[in-house]
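Student: Take this structure first; my questions come after.
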There are 4 protein chains.
Amino acid sequence: MTEVETTGAWLSREDLDNARDRLPMLYVHAVPVRCDDKGVVTHIGLLMRADGDGTIGQEVVGGRVLYHEKIRDALVRHLESDLGPMALPRIPLSPQPFTVAEFFPTPGVTPFHDPRQHAVSLAFVVAVMGDCRPQQDALDLSWVTPQEAATLAATGELGGSHGVLVRQALAHVGYPV
Amino acid sequence: MTEVETTGAWLSREDLDNARDRLPMLYVHAVPVRCDDKGVVTHIGLLMRADGDGTIGQEVVGGRVLYHEKIRDALVRHLESDLGPMALPRIPLSPQPFTVAEFFPTPGVTPFHDPRQHAVSLAFVVAVMGDCRPQQDALDLSWVTPQEAATLAATGELGGSHGVLVRQALAHVGYPV
Amino acid sequence: MTEVETTGAWLSREDLDNARDRLPMLYVHAVPVRCDDKGVVTHIGLLMRADGDGTIGQEVVGGRVLYHEKIRDALVRHLESDLGPMALPRIPLSPQPFTVAEFFPTPGVTPFHDPRQHAVSLAFVVAVMGDCRPQQDALDLSWVTPQEAATLAATGELGGSHGVLVRQALAHVGYPV
Amino acid sequence: MTEVETTGAWLSREDLDNARDRLPMLYVHAVPVRCDDKGVVTHIGLLMRADGDGTIGQEVVGGRVLYHEKIRDALVRHLESDLGPMALPRIPLSPQPFTVAEFFPTPGVTPFHDPRQHAVSLAFVVAVMGDCRPQQDALDLSWVTPQEAATLAATGELGGSHGVLVRQALAHVGYPV
């Protein structure tokens, strides 16, 4: 999860760090997909990102929801921030997420882990129709087939929590995980 | 519900009528909507249709699923059949419908009624991006705001079952029905 | 929304007030229902509560999610806190809420309003099988039929945001709102 | 999928076979689970059944929806028929299935295959609280952990289509498939 939004956000870094020790943070995640004209998912978009400690992992789009920001606006902001301004995402019509991912700072409490904080994420599958270019701290963006994504997630190349999210997204769109 | 698909379908009219007395028929319905680039529904598309008995009512898109036809293909076919070939519908990524509408031939068993048959319909909200023109037996297509649709459905101008479907769809996309 | 959980919580009242001005708060809401053995909702449970300013309104169960608390645990805690320890709630099997209610401190931004804060709530319909007694700051608990709940919500006796939540819940369980 | 319901049903075997060649059949499936008092799935119930050709496979509960039968009633009937009259299933409150499984007579069209027919199934996860005993043509009922179910499904002991259904159900309840 990236923190590109902290510059110019409503909280200083110190205050945010303080709140992170005391409150669950609200996040959104979007599994970016390409689909055909019948809504069949043909590709999953994976971002390659370097974490703070230098390890490189594959992730989906996501980040924090800001104070007084709507879920839809947060989704648009993070998709644009990660995939560029020409991605043309189709933001879901319903606020119902396909799942809620609970990232705990303690490993093993749930299938999702974030050493920095307790983050609760509303997860959506989002079709993107335009031209995507990795932005900010993303090193690369690759489009893989559902089969490749499922394999990557099972073998661990697609990092723990995000691998789970991708496989749950694949199940939701009807793919045989 | 229209029966435009029976010409050239797998069943003769007689056989279909016979099956309708003995088996639940599988249907799909699509509530066609316009949305902004954040996925907020701005308009609902309503088809004006003359029923067999000459009464005119407002309906959403829908019809039967054929033998060996996928749900996605049935959605595409009925959207094209009712809204024309340039409607550019965004077929949902997930097979999960927002509701299942059970139309019973006996009124009052469920909120949905179809005097001709027992039809079970998978209902989806479908954004259409292109140019829509009523086809076949639809007399007119009108785009109304969510507020107008909710009012039409409550006052009965938007016929019973389809009014319920529209209001349940509005609730699903977050509108305060 | 009640704040029974602040006693013994991880944040002082001052720190919580401070965070409320800067971050979206994560909430859960549960629409408590009675159902028959086929899962048909027969009654909705409404809590009568006095707000800080002395006005009395009807509400559903809900409250804040604490740091390092799972969504399921927060649901259990608030159901027990509002309905008593013998309510025997059937916590949903899936983390997928039927909707996400975005309460904004500014009225009119969304259908949900909370003057104290920006709260994002995961909303569930929860069947309760046991003996329910209003607890804490709830003055009364009444069980009304879906028809009565829909009417209460439309006429305004069931306060704004919670009325919307109840009607969206009714739509989700198949009731003709 | 069992056909225990054909005795006394509305269609003769011949008529049903005839319709099966021409129309999609409407089915329901229920993945039976045990859960704790926080709604966490602890076990999945798998039925061992001998198919017509003598091969033995593991399956979940399911079967056809009859003419003029509600989805809820079909779920109750098949759960009772497969698990016995004391299973005490908690039928879902919402008609929204977690997925729709399209069984095609031609293998490979979808992840679901039924050589006898084109069947479209509304799939639900159903907690059962009572005493379950395999009935009718089920040879055995075994309760396995989510981990065991996921492994069985991946290794093929839990037959193709039903294995996919179980894994999609596990993903829906938040399990890391």
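Chain labels A, B, ... are given in the sequence in which chains occur in the structure tokens; within each chain residues are numbered consecutively from 1, and ligands are likewise numbered from 1 in the order shown.
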Go through region 59-146 of chain D residue by residue and, counting only C-alpha atoms, keep those with an atom at most 10 Å from region 170-176 of chain C; for each kept residue give the shortest atom pair and its distance in Å to one decimal, ordered by chain and increasing number, as a Markdown table.

Tutor:
```
| residue | atom | partner | partner_atom | distance |
| --- | --- | --- | --- | --- |
| D:Pro92 | CA | C:Val173 | CA | 8.9 |
| D:Leu93 | CA | C:Val173 | CA | 5.7 |
| D:Ser94 | CA | C:Val173 | CA | 4.1 |
| D:Pro95 | CA | C:Val173 | CA | 6.3 |
| D:Gln96 | CA | C:His172 | CA | 7.7 |
```

Student: Those residues with N, CA, C and O atoms, as a PDB file, in the first residue's frame please?

Tutor:
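Output below, filename out-v7.pdb:
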```pdb
ATOM      1  N   PRO D  92     -30.414 -18.253   4.054  1.00  0.00           N
ATOM      2  CA  PRO D  92     -29.973 -16.861   3.960  1.00  0.00           C
ATOM      3  C   PRO D  92     -31.141 -15.874   3.926  1.00  0.00           C
ATOM      4  O   PRO D  92     -32.207 -16.172   3.398  1.00  0.00           O
ATOM      5  N   LEU D  93     -30.918 -14.690   4.498  1.00  0.00           N
ATOM      6  CA  LEU D  93     -31.956 -13.660   4.562  1.00  0.00           C
ATOM      7  C   LEU D  93     -32.170 -12.988   3.213  1.00  0.00           C
ATOM      8  O   LEU D  93     -33.254 -12.496   2.927  1.00  0.00           O
ATOM      9  N   SER D  94     -31.124 -12.939   2.394  1.00  0.00           N
ATOM     10  CA  SER D  94     -31.210 -12.237   1.118  1.00  0.00           C
ATOM     11  C   SER D  94     -31.264 -13.218  -0.047  1.00  0.00           C
ATOM     12  O   SER D  94     -30.615 -14.268  -0.011  1.00  0.00           O
ATOM     13  N   PRO D  95     -32.044 -12.889  -1.082  1.00  0.00           N
ATOM     14  CA  PRO D  95     -32.052 -13.756  -2.263  1.00  0.00           C
ATOM     15  C   PRO D  95     -30.784 -13.656  -3.101  1.00  0.00           C
ATOM     16  O   PRO D  95     -30.621 -14.405  -4.058  1.00  0.00           O
ATOM     17  N   GLN D  96     -29.869 -12.715  -2.757  1.00  0.00           N
ATOM     18  CA  GLN D  96     -28.629 -12.560  -3.524  1.00  0.00           C
ATOM     19  C   GLN D  96     -27.695 -13.748  -3.289  1.00  0.00           C
ATOM     20  O   GLN D  96     -27.188 -13.931  -2.175  1.00  0.00           O
TER      21      GLN D  96
END
```

Student: Using only C-alpha atoms, which chain D residues lie at most 12 Å away from chain A, written as a PyMOL selection string?

Tutor: chain D and resi 40+97-102+108+110-112+123+150-151+153-154+160-177

Student: Expressed in Å to a single decimal, how great is the separation between CA of Val60 (chain A) and CA of Val31 (chain A)?

Tutor: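 Atom-to-atom, CA of Val60 (chain A) and CA of Val31 (chain A) are spaced 5.5 Å apart.
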
Student: I'd like to know which of B:Ile56, B:Gly63, B:Leu46, B:Leu23 is closest to His78 (chain B), using only C-alpha atoms.

Tutor: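 Among the listed residues, B:Gly63 lies closest to His78 (chain B).
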
Student: Would you mind reading off the distance between CA of Arg13 (chain B) and CA of Ser121 (chain D), one decimal, in Å?

Tutor: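 A separation of 25.4 Å between them.
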
Student: So how many Å separate CA of Asp53 (chain D) and CA of Gln117 (chain D), to one decimal?

Tutor: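 So the answer is 16.0 Å.
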